[in-house]
Structures are given as structure tokens and as C-alpha cells.
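Asks: So that we are looking at the same thing, I have put the structure below in C-alpha cells.
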Amino acid sequence: MKVQVKNLRKEFGKTVAVDNISFSFDSGNIFGFIGPNGAGKTTTMRIISTIEEPTSGDVLLNGISVCEEPELARHAVGYVPDTLPAHADITVHEYLDFYARAYGLRGKKRTQAIEAIEEFTNVTGIREKHLKALSKGMKQRVSLGRALVYDPDVLVLDEPAAGLDPRARVELRELLMLLAAQKKAILISSHILTELTEICNGVVIIERGKILETGTIEDVLKKSAPRRTVAVRLLDAQNAQLLKELLQTPFVENARDVANEIHFDLNGDESAACEILGGLIAKKFKVIEFRQTKANLEDIFMNVTKEGVQ
Amino acid sequence: MTAAFTKLKSHFINWREWELNPIVIKELRQAVRSWAVTGMLLLFLIVLFITSLGFLVTQSFEVNENMQLGGTMFSSFVVILAGASIFFIPLYVGVRVAAERQENNPDLLYVSTLSPARIIRGKFLCGAYMALLFFSACMPFMAFTNLLRGVDLPTVFFILSFLFLVVCATNQIAIFFACIPASRPFKVLFALAGFFASFWVVIPLVTDSFEFMHSGVGTMMADRDFWIGVLTAVVIGLAATGLFFVLSVALISPPSANRARPVRIYLTVIWLLGGLLSLGWVWRMKEAQFILPWEIMTFVLMMFALLATISNSDQLSLRVRRTIPQSRLKRLVAFIFFNGAAGGLVWAAMILVATFLLAGQITLAFPKSITVSGESGQWFATTMAYAFAYALMALFIHRKFLSRHPPKLTGLIAVLLAAAWAIAPSIVLFFLNQLSWKSVEGLQLGNVFNVASLRDVNQRIYHLYFAFGWLQVMIVINAKWFVRQVKNFQPLDRLAQDNPPPMLK
């Protein structure tokens with residue numbers, strides 16, 4: 001499944017929520033869709049899910065246009081909105097059963113699909129509970145189950161981790177990784193960027209309706225932070241001497257003391273790092289840690305949006 | 001044609017796979033769990049039981065047999081059943097739909113693969129099933145009344161069938177109002193208005209039921225005229241229910257869908273059928289006045305249609321453009337029935353002019369007819385011209401001065417223009433004429449309401465001249481826009497696909 005967002009624009013009166021954005025991704029991958037509040041994430045996701053219609057541009061799901069053939073496109077996309085199901089007088093099982101029927105699953109196929117989804121999302125134990133009586137985490141699972149019950153190829157999740165406790169977050173993360181392994185194309189938005197770092201292959205950073213950066217995490221990292229940061233920790237905390245030494249070392253830039261560690265930007269490749277470490281040991285510095293700090297989405301996000309975030 | 005037949009054939013062959021509308025299943029599941037439904041049903045049964053008991057206890061000490069007891073009890077049950085089903089069921093169904101259609105968070109079922117028509121049908125059927133539930137609960141009590149004499153079985157079945165149809169119609173109307181994209185306070189107002197409007201349904205319904213009981217349906221059944229009257233009423237009721245169904249479907253369809261097409265087609269079909277029905281009555285009774293209900297209904301419906309039409313956007317969505325036919329003739333028909341204000345104006349004008357001409361011809365064909373005079377024709381033509389003039393003026397104002405605002409404002413502008421021109425001169429004249437409202441009955445050119453309230457009917461001709469003159473001016477100033485709309489009504493010319501955006505792997 002290939003998802004192509006092409007020159008998408010959405011206006012609400014005079015406000016431009018999404019301003020001519022284009023990106024694409026395909027199955028088996030999880031893409032993080034990040035941006036500050038009001039950046040246009042939800043609007044874009046709603047357009048991909050056929051809930052909203054663009055002012056111009058289009059989204060193609062394996063060539064099917066969400067503007068021209070939304071009914072057909074709906075079969076391919078499962079949407080988990082940021083609002084949770086709150087229907088009165090209906091149990092979890094009945095809720096899933098209704099959506100399975102609504103998406104045309106019949107007879108045994110429907111029963112099997114619902115059972116499989118209940119098991120997958122771990123809601124079998126609460127299937128007879130009323131929706132209103134569920135906790136936020138459980139509702140989130142039901143919402144995910146609803147989006148998956150007809151086995152869509154694309155999954156669009158809007159802030160699925162918001163308000164979840166740590167255990168629920170870990171479980172959600174595992175579920176998403178399983179889904180990616182099942183060759184689903186997943187687009188996920190979240191403000192908890194550390195969560196996304198661990199599961200996303202790619203990222204789309206959006207602000208004020210415009211794409212600031214897009215690509216795989218490595219690519220974006222290279223583009224937004226071309227110099228790697230290295231952290232050094234000494235046994236005897238002779239940080240002042242180390243700082244002095246590093247400032248005279250080639251390939252080292254912007255050395256600074258950060259929480260009892262010395263951080264510096266490495267202006268070179270890995271052999272340069274090796275050379276620096278060898279030099280430090282030769283000069284009798286008691287190095288107990290020499291590591292490249294792993295940039296995450298949070299760093300990328302802060303780097304890319306540092307001028308624009310209000 | 002063959003494809004449709006094959007589809008239908010396969011549908012019937014696979015009858016084992018037939019399933020109920022998912023909406024019906026969901027709604028009924030929710031209804032049986034709902035305290036509102038259970039509580040209402042229990043209350044309904046208690047009231048029926050107490051009423052029966054009251055009748056029986058007060059009758060038990062009578063020495064003479066009361067031959068009307070069954071009839072009296074049945075009348076009470078009809079009042080209770082009509083009250084419960086017309087006040088409660090549409091309210092319940094309407095509230096449920098409105099809750100799902102909240103503007104800020106529409107329910108996801110509206111973006112499932114269920115078609116809008118299937119969703120509305122499901123909601124409607126749920127209301128019908130609930131009505132059946134209430135009717136079934138009442139049935140043992142009603143069967144009991146038959147044993148007590150005073151009411152015959154045909155009357156019972158006739159009244160219950162009629163009541164059931166009315167409940168279904170009110171359900172559909174409630175669904176329509178619930179689908180209107182209004183905020184919660186407006187929906188509460190609709191519910192309140194609906195509650196009070198229900199009295200206008202219940203009171204005549206109960207009165208008519210008493211009338212039928214008094215005369216006995218069994219004795220009337222042999223009369224052909226009775227069946228013709230009943231069929232006419234049923235057909236009109238079904239047509240009205242269908243209209244609200246089509247309107248509800250249009251309201252929940254996505255904005256990019258061709259919302260106008262089914263509504264305009266449906267209105268055209270019921271206009272034609274209604275015309276044939278009225279013609280049948282004219283032919284049968286040899287009286288031209290039977291064309292009047294059709295003429296008046298067409299006029300009323302077209303006035304609403306005109307407001308909705310001018311509120312259409314000029315920009316056709318990709319989905320609509322994709323379905324514009326290539327053939328010039330087909331495109332011409334499509335222009336009239338598809339979304340868009342220009343085509344809608346032509347459609348409304350065609351229907352109104354055809355109605356006017358047909359009604360005129362029928363009046364001429366029955367010269368002895370006393371109730372239909374030339375005055376009604378003049379009134380019809382004048383009001384129609386005014387309506388189009390106001391509509392076109394509103395379109396012009398929106399296009400020239402308020403184009404940044406949504407097109408749905410155009411209908412409101414037309415109403416405000418007509419209202420302002422009716423109110424402002426009247427108030428000025430009221431003060432100029434020593435606080436007398438008599439001047440309101442004087443000639444006020446441009447005031448559409450003045451056409452009906454003129455003291456001197458002969459002055460109506462000035463209205464006619466003015467309205468047509470004004471309409472011509474409006475047609476001229478909108479001509480360029482209209483021609484542009486016709487030219488733009490072209491099938492989608494697919495541009496060469498752009499280079500796809502870079503793929504993220």
C-alpha cells in the first residue's frame with residue numbers, strides 16, 4: 001500500500017490549516033507526524049481518512065483518490081481519532097460488531113474478525129462491558145480495534161498515546177510494531193516524541209500547515225543536525241582539564257559541561273572519534289564513558305522548529 | 001440494465017446471506033438497554049393497565065349492559081398510544097441522531113462504508129420497529145376492547161395502520177431536523193418546536209379516529225370513494241416522508257457529493273405524480289379546484305428549493321465533475337439536476353412555469369369551475385417573479401460584496417431582503433399615516449407580501465409589471481455569471497499526473 005499526499009491544502013475560512021504539503025510513505029513502516037498544536041496534523045489525518053475534504057490537492061491510497069472515491073478509500077484506511085468512543089448503552093463487543101457490519105463483514109468472517117481483533121487488542125476480558133464504563137487506555141484499545149476490525153492497509157492514529165499510563169503506552173507501542181510487521185502503513189501523531197523515536201522509521205515535521213522536514217529519521221537527523229554530539233565522562237571528574245584539552249583537539253567543536261559530563265560536537269567521521277578517544281587515554285584521562293549521544297525526535301523537532309514554535 | 005438485473009438476481013439467490021441494516025441492529029441494541037425506552041414502555045403499560053382497570057371498575061356495578069364500552073375504551077387507548085408514540089419515539093430517534101451529528105465531533109459511522117441512504121434508512125427503520133414495539137404492547141388491551149363490543153375489527157385495523165404511518169412520518173421528520181447542521185441550542189429549539197408541533201398532529205389524528213369509530217370503517221369500505229380518499233392520503237403521506245428521507249440523506253452526505261441531484265430528481269418525480277393525482281381528481285370531480293393543492297404545494301416546495309438552490313456553491317467538487325456526462329444533451333439535463341445555483345434556478349423555474357401553464361390550461365378546460373379564477377393565476381405569477389428577483393439579487397450581492405463568505409449565506413440574504421422590504425416601508429407608512437396600519441393594504445411595489453394583502457385587488461397588476469420588470473433587470477445583471485456557470489459545467493479534464501512526492505522508506 002502506497003500513500004501519497006499531493007499538494008494538499010485546506011482552508012477554514014481565511015485560515016490556512018494545511019498549506020500545499022506533499023509526502024508519501026508505504027506499507028510496513030511507521031511514520032511519525034509531528035508538529036506543535038495547530039500545525040495542521042489532525043486536519044491532514046482527517047483528510048487522509050476521508051473525514052475532511054481538502055480545498056485543493058489530493059491523497060492517493062494505492063492510486064485511489066480520497067477526494068474522488070472516498071467510499072472506496074475508506075476500505076483501505078483505519079482512523080483512530082483523538083476523541084474516544086463514548087456511545088451510550090453499548091458494549092465493547094457490540095461496538096466492534098457494529099463497525100464490522102458497517103464495513104461489510106458478514107457471517108463467520110465477521111465473527112472471526114471480531115474475535116481476532118478482541119484478542120489482538122486484548123479486550124476479550126472486557127467485551128461485555130459498556131463503553132462508557134471503560135478507562136481511557138481501554139477505550140483507546142477499543143478505538144484501535146474498531147479501526148482494525150476490517151483489516152485496513154493504512155492506519156492513521158491521532159495522538160493515540162495521549163493520557164495513557166506508562167504500561168498502556170508500552171502496550172500500544174508493541175501493538176503498533178506488530179501492525180507494522182503485518183505490512184500496514186502507519187501514520188501516527190503524538191506529542192510524546194520519545195515514544196515515537198523508538199517505533200518510527202520516518203518522520204514528517206509540520207508547522208503552521210507547512211512541512212519543515214520529512215524523511216527517514218536518519219536523513220532528517222543528518223539534515224537538521226549534521227554534526228554528531230559526543231558525551232565524555234571521567235572517573236575523577238577533572239572536567240575543567242578535559243575541556244581545556246578538547247578545545248585544542250582537532251575535529252572538536254563547541255565543547256561544554258553538561259550535567260557532570262563533557263559534550264562536544266564532532267566535526268568528523270567515526271575514525272576521528274576513535275582518534276580523539278585514543279588521545280584522551282594517552283594523556284591519562286580516566287575515561288569511563290565515551291558515547292555518541294543519540295539524537296531523537298525531540299532534538300530534531302526542537303532543531304527544526306526552533307524559530308517557528310510559539 | 002443487464003448489470004442491475006444480474007445484481008438483483010444474485011441478491012435474491014444469496015438470500016441466506018441477507019442481513020439486517022447494521023444501524024438497525026445497533027440502534028435496537030442500544031434502545032433495549034436504554035432507560036428512556038424501557039421506562040417509557042413500562043409507563044405506557046401502566047397507564048394502559050390503569051385506564052382499563054378504571055373503565056372496568058366503574059362499569060362493574062352497572063345493571064344494564066354498556067354496548068359502547070369497547071369503543072370508549074378503544075378511544076382512550078388510541079389517545080394514549082398516539083400520545084406515547086408521536087411524542088416519544090420521534091424525540092428519542094431525533095435525539096440519538098442529533099447526538100451523533102454534533103458538528104464538532106461527528107460519529108465515525110458517518111465515515112464508514114455505509115451509504116448515507118443506508119444510515120438514514122437504518123435510523124428510520126429503528127423508529128418503525130420501536131413504534132411496532134409500542135403498538136404490540138398495546139395490542140392485548142385493544143384486542144380486549146373488541147370483546148367488549150362497541151368497535152369493529154376493520155375500524156381497529158384501519159385506525160392502527162393510519163396511526164402507524166403517521167408515527168413513521170413524524171419519525172422521518174424528526175430525523176431530518178436532527179440532521180440539520182446546527183449547534184446544540186438550535187437543536188434544543190427544534191426539539192421544543194417539534195414537541196409543540198406534535199399537538200398539531202395528535203389532535204386531528206385523534207379527532208379523525210373518533211370520527212372513523214363513530215361512523216365505522218366497516219360500513220364505508222364498500223364505497224369506492226372511501227378507498228380513493230384513503231389512497232390519496234396515503235400517497236401524499238408517503239411522498240412527504242420520502243421527501244424528508246431524501247433531504248436527510250442529502251444533509252448527511254459529504255459536501256463534495258452531488259447532494260442536489262437526488263433531491264431535485266425526487267421533487268421532480270413527486271411533482272409529476274402529484275400533478276397526475278390532482279389531474280385524476282379534476283377529471284373525476286369535473287372541478288378545476290382540485291388542481292389547487294398541487295399548485296400550492298409546488299409553489300411552497302419550490303420557494304424552499306429556491307432558497308436552498310441559491311445557497312449552492314458555484315465551485316463543483318471533483319466528485320461531481322467526474323460524473324458530468326460527455327454527451328451535450330445529457331450534460332444539459334445534468335446541469336439542471338446537479339449541484340450548483342445556476343442549474344437549480346433553471347430547474348425551479350421550469351417546474352414553476354410548467355405548473356403555472358398546466359394549472360391555467362386546466363382552469364380553461366373547466367370554464368364552469370367557480371372556485372378557480374384568473375386572480376389566483378396572477379397572484380402565482382407575481383409572487384413567482386418576485387421570488388426569482390429576490391433570489392437573483394441575493395446571488396448578485398453575495399457574488400459582488402460577500403464572496404469571501406460561504407455561499408449558504410445567499411439564501412439568508414434573499415430572505416432578509418424580502419423581509420426588510422416588507423417591514424421597513426410598512427413601519428414608515430404606519431408613522432406617516434397617524435399610526436394606522438391601513439396603509440399596509442395600499443400598494444407597496446417590491447413587497448412580496450403586499451401582493452396577498454392588497455386592499456384594491458385591481459392594483460395587483462402593477463405588482464405584476466413591477467415584479468417582471470425587476471426580474472428582467474436581475475436576469476441581465478446575472479447573465480454573465482450564468483453563462484460562466486454553463487461554460488464551466490464540463491467533465492473533468494484530468495491533467496497529466498504530477499511527479500509523485502518522494503517516497504519515504
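By order of appearance in the C-alpha cells: chains A, B, ..., then residues from 1 within every chain, and ligands from 1 in the order shown.
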Near Tyr99 in chain A, counting only C-alpha atoms, which residues have an atom at most 8 Å away, once you skip same-chain residues fewer than 2 positions from it, shown as a PyMOL selection string?
Replies: (chain A and resi 95-97+101-103+146+149) or (chain B and resi 109+112)
Asks: Those same residues - N, CA and C atoms - I'd like them written as an mmCIF file, in the first residue's frame.
Replies:
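The new file selection-v5.cif reads:
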data_model
loop_
_atom_site.group_PDB
_atom_site.id
_atom_site.type_symbol
_atom_site.label_atom_id
_atom_site.label_comp_id
_atom_site.auth_asym_id
_atom_site.auth_seq_id
_atom_site.Cartn_x
_atom_site.Cartn_y
_atom_site.Cartn_z
ATOM 1 N N TYR A 95 -20.060 -2.854 19.906
ATOM 2 C CA TYR A 95 -19.466 -1.712 19.191
ATOM 3 C C TYR A 95 -18.606 -2.209 18.029
ATOM 4 N N LEU A 96 -17.761 -3.189 18.332
ATOM 5 C CA LEU A 96 -16.895 -3.742 17.278
ATOM 6 C C LEU A 96 -17.735 -4.479 16.227
ATOM 7 N N ASP A 97 -18.758 -5.182 16.716
ATOM 8 C CA ASP A 97 -19.646 -5.918 15.818
ATOM 9 C C ASP A 97 -20.339 -4.953 14.846
ATOM 10 N N ARG A 101 -19.965 -4.932 10.790
ATOM 11 C CA ARG A 101 -21.127 -4.991 9.884
ATOM 12 C C ARG A 101 -21.118 -3.787 8.935
ATOM 13 N N ALA A 102 -20.814 -2.620 9.513
ATOM 14 C CA ALA A 102 -20.829 -1.396 8.704
ATOM 15 C C ALA A 102 -19.817 -1.468 7.567
ATOM 16 N N TYR A 103 -18.742 -2.199 7.791
ATOM 17 C CA TYR A 103 -17.726 -2.317 6.734
ATOM 18 C C TYR A 103 -17.931 -3.568 5.879
ATOM 19 N N ARG A 146 -11.569 -0.948 16.649
ATOM 20 C CA ARG A 146 -12.574 -0.523 15.673
ATOM 21 C C ARG A 146 -11.915 -0.206 14.321
ATOM 22 N N VAL A 149 -10.772 -3.583 12.646
ATOM 23 C CA VAL A 149 -11.669 -4.730 12.518
ATOM 24 C C VAL A 149 -11.886 -5.146 11.060
ATOM 25 N N LEU B 109 -19.498 6.575 12.344
ATOM 26 C CA LEU B 109 -20.318 5.742 11.465
ATOM 27 C C LEU B 109 -20.615 6.491 10.171
ATOM 28 N N SER B 112 -18.027 5.551 7.718
ATOM 29 C CA SER B 112 -17.846 4.133 7.423
ATOM 30 C C SER B 112 -18.255 3.933 5.958
#
Asks: Got a sec to tell me which of range 112-251 of chain A DSSP assigns to alpha helix (DSSP H), as a VMD selection string?
Replies: chain A and resid 112 to 120 136 to 148 166 to 181 193 to 199 217 to 224 239 to 247
Asks: With only C-alpha atoms as the atoms that count, which of B:Arg261, B:Arg404, B:Arg399, B:Lys187 lies nearest to chain A?
Replies: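 Result for the nearest residue to chain A: B:Arg404.
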Asks: Residues within 9 Å of Leu91 in chain B, please, as a PyMOL selection string. Count only C-alpha atoms; anything in the same chain fewer than 2 positions from it doesn't count.
Replies: chain B and resi 86-89+93-96+171+174+191+194-195
Asks: Using only C-alpha atoms and a cut-off of 7 Å, which residues of chain A sit close to chain B? Please list them as a PyMOL selection string.
Replies: chain A and resi 4+6+22-25+51+67-68+71+74+89-90+98+101-103+202+215-216
Asks: Find the spatial neighbours of Leu187 in chain A, counting only C-alpha atoms, within a cut-off of 8 Å - ignore same-chain residues fewer than 3 positions away - and output them as a CSV table (one decimal) with C-alpha atoms, in the first residue's frame.
Replies:
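Saved file out.csv follows:
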chain,number,residue,atom,x,y,z
A,30,ILE,CA,5.6,3.7,11.0
A,31,PHE,CA,5.7,7.4,10.2
A,32,GLY,CA,5.6,10.0,12.9
A,33,PHE,CA,3.7,13.1,12.1
A,154,VAL,CA,-3.3,2.1,6.2
A,155,LEU,CA,-3.7,3.1,9.8
A,156,VAL,CA,-3.9,6.7,10.9
A,157,LEU,CA,-3.6,7.4,14.6
Asks: Go through B:Pro491, B:Gly127, B:Gly446, B:Pro293 one by one, measure the shortest atom-to-atom distance of each to Gln326 in chain B using only C-alpha atoms, and give the residue with the smallest value.
Replies: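 The closest residue to Gln326 in chain B is B:Pro491.
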Asks: Compile the contact shell of Ala116 in chain A as an MDAnalysis selection string: residues with an atom at most 12 Å away, counting only C-alpha atoms, same-chain residues fewer than 5 positions apart removed.
Replies: chainID A and resid 93 96 109:111 121:124 145:146 148:151
Asks: Name the residues in contact with Asp165 in chain A at a cut-off of 12 Å, using only C-alpha atoms, excluding same-chain residues fewer than 6 positions from it; report them as a PyMOL selection string.
Replies: chain A and resi 135-138+140+171-172
Asks: Residues of the last selection are to be written out with N, CA and C atoms, as a CSV table (one decimal), in the first residue's frame.
Replies:
chain,number,residue,atom,x,y,z
A,135,SER,N,-11.9,2.6,31.1
A,135,SER,CA,-10.8,3.6,31.3
A,135,SER,C,-10.3,4.1,30.0
A,136,LYS,N,-9.6,5.2,30.0
A,136,LYS,CA,-9.1,5.8,28.8
A,136,LYS,C,-8.2,4.9,28.0
A,137,GLY,N,-7.4,4.1,28.7
A,137,GLY,CA,-6.5,3.2,28.0
A,137,GLY,C,-7.3,2.1,27.3
A,138,MET,N,-8.3,1.6,28.0
A,138,MET,CA,-9.2,0.6,27.4
A,138,MET,C,-10.0,1.1,26.2
A,140,GLN,N,-9.0,3.5,24.3
A,140,GLN,CA,-8.0,3.6,23.2
A,140,GLN,C,-7.8,2.3,22.5
A,171,GLU,N,2.3,-1.0,25.8
A,171,GLU,CA,1.5,-2.0,25.1
A,171,GLU,C,1.1,-1.5,23.8
A,172,LEU,N,0.7,-0.2,23.7
A,172,LEU,CA,0.3,0.4,22.5
A,172,LEU,C,1.5,0.4,21.5
Asks: Which residues are near Glu245 in chain A? Cut-off 12 Å, only C-alpha atoms, ignore same chain within fewer than 4 positions. Put them as a PyMOL selection string.
Replies: chain A and resi 238-241+249-250+252-253+255-256+262+264+276-277+279-281+283-285
Asks: So how many Å separate CA of Val304 in chain A and CA of Glu53 in chain A, to one decimal?
Replies: 28.5 Å
Asks: Which one is closest to Leu176 in chain A: A:Thr194, A:Gln248, A:Ser49, A:Asn29? Count only C-alpha atoms.
Replies: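 Smallest separation from Leu176 in chain A among the options: A:Asn29.
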Asks: Rounded to one decimal in Å, what is the spacing between CA of Ile265 in chain B and CA of Phe176 in chain B?
Replies: 18.3 Å
Asks: For a quick check of understanding, using only C-alpha atoms, which of B:Val448, B:Trp379, B:Gln289, B:Ala334 has the smallest distance to Leu364 in chain B?
Replies: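 Of the candidates, the smallest distance to Leu364 in chain B is held by B:Gln289.
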Asks: For the atom pair CA of Leu147 in chain B and CA of Ile203 in chain B, what is the interatomic distance in Å to one decimal place?
Replies: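 Computing it gives 27.0 Å between the two atoms.
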